[in-house]
file run-v4.cif (mmCIF, C-alpha atoms)
data_data
loop_
_atom_site.label_atom_id
_atom_site.label_comp_id
_atom_site.auth_asym_id
_atom_site.auth_seq_id
_atom_site.Cartn_x
_atom_site.Cartn_y
_atom_site.Cartn_z
CA MET A 1 130.13 113.33 79.33
CA GLN A 2 126.85 115.17 79.90
CA LYS A 3 127.25 118.76 81.16
CA ILE A 4 124.65 120.28 83.46
CA VAL A 5 124.49 123.74 85.00
CA VAL A 6 122.79 124.15 88.39
CA ALA A 7 122.13 127.74 89.41
CA THR A 8 120.52 129.27 92.46
CA SER A 9 118.86 132.65 92.58
CA GLY A 10 117.00 134.19 95.44
CA ALA A 11 117.49 133.09 99.02
CA SER A 12 114.63 130.86 100.07
CA GLY A 13 115.15 127.26 99.04
CA VAL A 14 118.82 127.48 98.10
CA ASN A 15 119.35 124.14 99.84
CA LEU A 16 117.33 122.46 97.07
CA GLY A 17 119.78 123.74 94.48
CA LEU A 18 122.77 122.62 96.51
CA LYS A 19 121.27 119.20 97.16
CA THR A 20 120.42 118.84 93.46
CA LEU A 21 124.04 119.53 92.61
CA GLU A 22 125.24 117.10 95.27
CA LEU A 23 122.98 114.28 94.06
CA LEU A 24 123.90 114.54 90.38
CA PRO A 25 125.82 111.42 89.33
CA LYS A 26 129.60 111.68 89.14
CA THR A 27 129.36 110.80 85.44
CA ILE A 28 127.98 114.30 84.78
CA GLU A 29 130.19 117.37 84.42
CA LYS A 30 128.67 119.80 86.92
CA HIS A 31 128.77 123.59 86.78
CA PHE A 32 127.35 125.78 89.53
CA ILE A 33 126.30 129.42 89.66
CA MET A 34 125.36 131.11 92.92
CA SER A 35 124.91 134.68 94.02
CA LYS A 36 127.86 136.82 95.13
CA SER A 37 127.52 135.59 98.68
CA SER A 38 128.68 132.11 97.75
CA LYS A 39 132.12 131.17 98.99
CA ILE A 40 135.01 129.56 97.15
CA VAL A 41 135.10 126.84 99.81
CA LEU A 42 131.75 125.67 98.51
CA ALA A 43 133.37 124.67 95.21
CA LYS A 44 135.70 122.30 96.99
CA GLU A 45 132.94 120.82 99.12
CA ILE A 46 130.53 120.09 96.26
CA GLY A 47 132.96 119.01 93.57
CA ALA A 48 131.81 121.41 90.85
CA VAL A 49 133.21 124.27 88.82
CA VAL A 50 131.84 127.41 90.52
CA HIS A 51 131.35 130.45 88.32
CA LYS A 52 130.96 134.04 89.47
CA GLY A 53 127.44 135.27 88.78
CA GLU A 54 128.66 138.40 87.01
CA ASP A 55 131.14 136.58 84.73
CA ILE A 56 129.18 136.46 81.47
CA SER A 57 132.40 135.46 79.66
CA ALA A 58 132.50 132.09 81.47
CA SER A 59 132.65 128.99 79.27
CA ILE A 60 129.05 128.02 80.07
CA ALA A 61 127.80 131.35 78.64
CA SER A 62 128.58 130.13 75.12
CA GLY A 63 126.46 127.80 73.06
CA SER A 64 129.61 126.26 71.62
CA PHE A 65 130.66 125.01 75.08
CA GLY A 66 127.97 122.38 74.79
CA VAL A 67 126.00 122.46 78.04
CA ASP A 68 123.28 119.80 77.81
CA ALA A 69 120.81 121.13 80.37
CA MET A 70 120.31 123.74 83.06
CA ILE A 71 118.19 123.91 86.18
CA ILE A 72 117.64 127.05 88.24
CA ALA A 73 116.54 125.93 91.69
CA PRO A 74 115.27 127.99 93.31
CA CYS A 75 114.39 130.49 90.61
CA SER A 76 113.45 133.93 91.87
CA MET A 77 110.65 135.84 90.18
CA ASN A 78 113.24 138.47 89.22
CA THR A 79 115.36 135.88 87.39
CA LEU A 80 112.30 134.30 85.80
CA ALA A 81 111.10 137.71 84.54
CA LYS A 82 114.52 138.55 83.11
CA ILE A 83 114.65 135.24 81.25
CA ALA A 84 111.11 135.75 79.93
CA CYS A 85 112.07 139.20 78.63
CA GLY A 86 115.40 138.11 77.15
CA ILE A 87 117.52 140.06 79.61
CA SER A 88 120.97 138.49 79.96
CA ASP A 89 122.66 140.76 82.48
CA ASN A 90 124.37 138.06 84.57
CA LEU A 91 125.69 134.55 84.10
CA VAL A 92 122.49 132.83 85.23
CA THR A 93 120.28 134.71 82.78
CA ARG A 94 122.91 134.46 80.01
CA CYS A 95 123.15 130.68 80.41
CA ALA A 96 119.35 130.43 80.39
CA ALA A 97 119.23 132.48 77.17
CA VAL A 98 121.78 130.12 75.62
CA MET A 99 119.68 127.09 76.64
CA ILE A 100 116.63 128.63 74.96
CA LYS A 101 118.43 129.63 71.75
CA GLU A 102 120.18 126.25 71.49
CA GLN A 103 116.88 124.47 72.27
CA LYS A 104 118.43 122.68 75.23
CA LYS A 105 116.58 121.59 78.33
CA LEU A 106 115.99 124.43 80.81
CA ILE A 107 114.15 123.78 84.07
CA LEU A 108 113.03 126.66 86.27
CA ALA A 109 111.93 125.92 89.83
CA PRO A 110 110.11 129.06 90.97
CA ARG A 111 109.72 129.06 94.73
CA GLU A 112 107.11 131.59 95.65
CA MET A 113 103.51 131.32 96.70
CA PRO A 114 101.07 132.49 95.62
CA PHE A 115 102.13 133.27 92.04
CA SER A 116 101.11 136.69 90.80
CA ALA A 117 99.39 137.10 87.45
CA ILE A 118 102.63 138.64 86.12
CA ALA A 119 104.68 135.63 87.25
CA LEU A 120 102.15 133.23 85.71
CA GLU A 121 102.24 135.19 82.46
CA ASN A 122 106.04 134.98 82.40
CA MET A 123 105.90 131.24 83.14
CA HIS A 124 103.38 130.74 80.34
CA LYS A 125 105.57 132.66 77.90
CA LEU A 126 108.59 130.55 78.82
CA ALA A 127 106.61 127.29 78.70
CA THR A 128 105.55 128.09 75.12
CA LEU A 129 109.27 128.35 74.30
CA GLY A 130 109.91 124.87 75.69
CA VAL A 131 111.18 125.89 79.11
CA ILE A 132 110.05 123.44 81.81
CA ILE A 133 108.43 125.14 84.79
CA ALA A 134 108.79 122.72 87.72
CA PRO A 135 108.24 124.35 91.10
CA PRO A 136 109.31 122.32 94.13
CA VAL A 137 105.92 120.73 94.79
CA MET A 138 105.66 117.60 96.88
CA ALA A 139 103.29 114.70 96.31
CA TYR A 140 101.75 112.56 98.98
CA TYR A 141 101.73 109.21 97.19
CA SER A 142 105.42 108.68 97.86
CA GLU A 143 104.77 108.89 101.61
CA GLN A 144 107.54 111.26 102.60
CA GLN A 145 108.00 111.54 106.34
CA THR A 146 110.80 114.08 106.63
CA LEU A 147 111.93 117.28 104.95
CA ASP A 148 114.90 115.37 103.54
CA GLU A 149 112.54 112.83 101.92
CA MET A 150 110.42 115.67 100.48
CA GLU A 151 113.52 117.24 98.97
CA ASP A 152 114.57 113.86 97.53
CA PHE A 153 111.14 113.54 95.90
CA ILE A 154 111.36 116.98 94.30
CA ILE A 155 114.94 116.47 93.11
CA GLY A 156 114.03 113.00 91.83
CA LYS A 157 111.26 114.53 89.72
CA TRP A 158 113.73 117.10 88.33
CA PHE A 159 116.18 114.29 87.52
CA ASP A 160 113.35 112.46 85.73
CA LEU A 161 112.85 115.57 83.57
CA LEU A 162 116.59 115.59 82.81
CA GLY A 163 116.61 111.89 81.95
CA ILE A 164 118.82 111.03 84.92
CA GLU A 165 118.03 107.65 86.46
CA ASN A 166 117.39 107.83 90.18
CA ASN A 167 115.79 106.08 93.13
CA LEU A 168 115.25 109.19 95.18
CA TYR A 169 111.55 108.64 95.80
CA LYS A 170 108.88 105.96 95.94
CA ARG A 171 107.16 105.82 92.56
CA TRP A 172 103.45 105.43 91.90
CA GLU A 173 102.36 101.80 92.03
#

call {"tool": "encode", "arguments": {"input": "run-v4.cif", "output": "structure tokens"}}
result
Amino acid sequence: MQKIVVATSGASGVNLGLKTLELLPKTIEKHFIMSKSSKIVLAKEIGAVVHKGEDISASIASGSFGVDAMIIAPCSMNTLAKIACGISDNLVTRCAAVMIKEQKKLILAPREMPFSAIALENMHKLATLGVIIAPPVMAYYSEQQTLDEMEDFIIGKWFDLLGIENNLYKRWE
């Protein structure tokens, strides 16, 4: 069974991370990391193992656990900078470091605009290491009409990057 970690950092856009987790197929073992403000009830509602953000001894913090991929959506500039500098001071950044060292798929969805030169430099550094930088950017060819459809498009593109089949958006014809 494929194992995927979904993490959220920052506040704006957290619904994208939650919806990503919710839409992952049931055939995938899901793990979820959220800031301290997340509630235990959330774990029951979304059907995932919820880890405390400060628990760097969690199973998913080890390369031997065998996580296949990780997506951080949204990814704050603080989290992105820590990952770019190799700082592993919480479970999100530790898991990201493991993905990089194990050469596993890591997708960061920075949600800020405009990007500063520092943020772009950090993204470039991470991209050269094989990290996929995939901000939640919509496209107009799939003719989304609602916010929900826009989110489906973005999540569908992330699933494409993870090799997860989906019909979340209208594809280019």

call {"tool": "residues_around", "arguments": {"input": "run-v4.cif", "residues": "Leu16 of chain A", "least_positions_apart": "6", "cutoff": "10 Å", "atoms": "only C-alpha atoms", "output": "list in words"}}
result
Thr8, Glu22, Ile72, Ala73, Pro74, Ala109, Pro136, Asp148, Glu151, Asp152, Ile154 and Ile155 of chain A

call {"tool": "residues_around", "arguments": {"input": "run-v4.cif", "residues": "segment 122-132 of chain A", "least_positions_apart": "3", "cutoff": "9 Å", "atoms": "all atoms listed in the file", "output": "PDB file with C-alpha atoms, in the frame of the given file"}}
result
ATOM      1  CA  LEU A  80     112.300 134.300  85.800  1.00  0.00           C
ATOM      2  CA  ALA A  81     111.100 137.710  84.540  1.00  0.00           C
ATOM      3  CA  ILE A  83     114.650 135.240  81.250  1.00  0.00           C
ATOM      4  CA  ALA A  84     111.110 135.750  79.930  1.00  0.00           C
ATOM      5  CA  CYS A  85     112.070 139.200  78.630  1.00  0.00           C
ATOM      6  CA  MET A  99     119.680 127.090  76.640  1.00  0.00           C
ATOM      7  CA  ILE A 100     116.630 128.630  74.960  1.00  0.00           C
ATOM      8  CA  GLN A 103     116.880 124.470  72.270  1.00  0.00           C
ATOM      9  CA  LYS A 104     118.430 122.680  75.230  1.00  0.00           C
ATOM     10  CA  LYS A 105     116.580 121.590  78.330  1.00  0.00           C
ATOM     11  CA  LEU A 106     115.990 124.430  80.810  1.00  0.00           C
ATOM     12  CA  ILE A 107     114.150 123.780  84.070  1.00  0.00           C
ATOM     13  CA  LEU A 108     113.030 126.660  86.270  1.00  0.00           C
ATOM     14  CA  ALA A 109     111.930 125.920  89.830  1.00  0.00           C
ATOM     15  CA  ALA A 117      99.390 137.100  87.450  1.00  0.00           C
ATOM     16  CA  ILE A 118     102.630 138.640  86.120  1.00  0.00           C
ATOM     17  CA  ALA A 119     104.680 135.630  87.250  1.00  0.00           C
ATOM     18  CA  LEU A 161     112.850 115.570  83.570  1.00  0.00           C
TER      19      LEU A 161
END

call {"tool": "closest_residue", "arguments": {"input": "run-v4.cif", "among": "A:Val67, A:Ala7, A:Ala48, A:Ala134", "to": "Phe159 of chain A", "atoms": "only C-alpha atoms"}}
result
A:Ala134

call {"tool": "resolve_selection", "arguments": {"input": "run-v4.cif", "expression": "the PyMOL selection byres ((chain A and resi 165) around 12)", "output": "list in words"}}
result
Leu23, Leu24, Pro25, Thr27, Ile155, Gly156, Lys157, Trp158, Phe159, Asp160, Leu161, Leu162, Gly163, Ile164, Asn166, Asn167, Leu168 and Tyr169 of chain A

call {"tool": "resolve_selection", "arguments": {"input": "run-v4.cif", "expression": "the PyMOL selection byres ((chain A and resi 1) around 12)", "output": "number ranges by chain"}}
result
A: 2-4, 25-30, 66-68

call {"tool": "residues_around", "arguments": {"input": "run-v4.cif", "residues": "Trp172 of chain A", "least_positions_apart": "6", "cutoff": "12 Å", "atoms": "all atoms listed in the file", "output": "list in words"}}
result
Ala139, Tyr140, Tyr141, Ser142, Glu143 and Phe153 of chain A

call {"tool": "residues_around", "arguments": {"input": "run-v4.cif", "residues": "Asp55 of chain A", "least_positions_apart": "4", "cutoff": "10 Å", "atoms": "only C-alpha atoms", "output": "PyMOL selection string"}}
result
chain A and resi 33+51+59-61+89-92+94

call {"tool": "closest_residue", "arguments": {"input": "run-v4.cif", "among": "A:Met77, A:Ala96, A:Ile87, A:Val50", "to": "Met113 of chain A", "atoms": "only C-alpha atoms"}}
result
A:Met77

call {"tool": "atom_distance", "arguments": {"input": "run-v4.cif", "atom1": "atom CA of His31 of chain A", "atom2": "atom CA of Ala97 of chain A"}}
result
16.2 Å

call {"tool": "closest_residue", "arguments": {"input": "run-v4.cif", "among": "A:Ile133, A:Leu18, A:Leu147, A:Val5", "to": "Ala69 of chain A", "atoms": "all atoms listed in the file"}}
result
A:Val5

call {"tool": "atom_distance", "arguments": {"input": "run-v4.cif", "atom1": "atom CA of Thr93 of chain A", "atom2": "atom CA of Thr79 of chain A"}}
result
6.8 Å

call {"tool": "atom_distance", "arguments": {"input": "run-v4.cif", "atom1": "atom CA of Gln145 of chain A", "atom2": "atom CA of Ile71 of chain A"}}
result
25.8 Å

call {"tool": "residues_around", "arguments": {"input": "run-v4.cif", "residues": "Glu112 of chain A", "least_positions_apart": "3", "cutoff": "9 Å", "atoms": "all atoms listed in the file", "output": "JSON, numbers by chain"}}
result
{"A": [12, 75, 76, 77, 115, 135]}

call {"tool": "closest_residue", "arguments": {"input": "run-v4.cif", "among": "A:Met34, A:Val137, A:Val49, A:Val98", "to": "Gly63 of chain A", "atoms": "all atoms listed in the file"}}
result
A:Val98
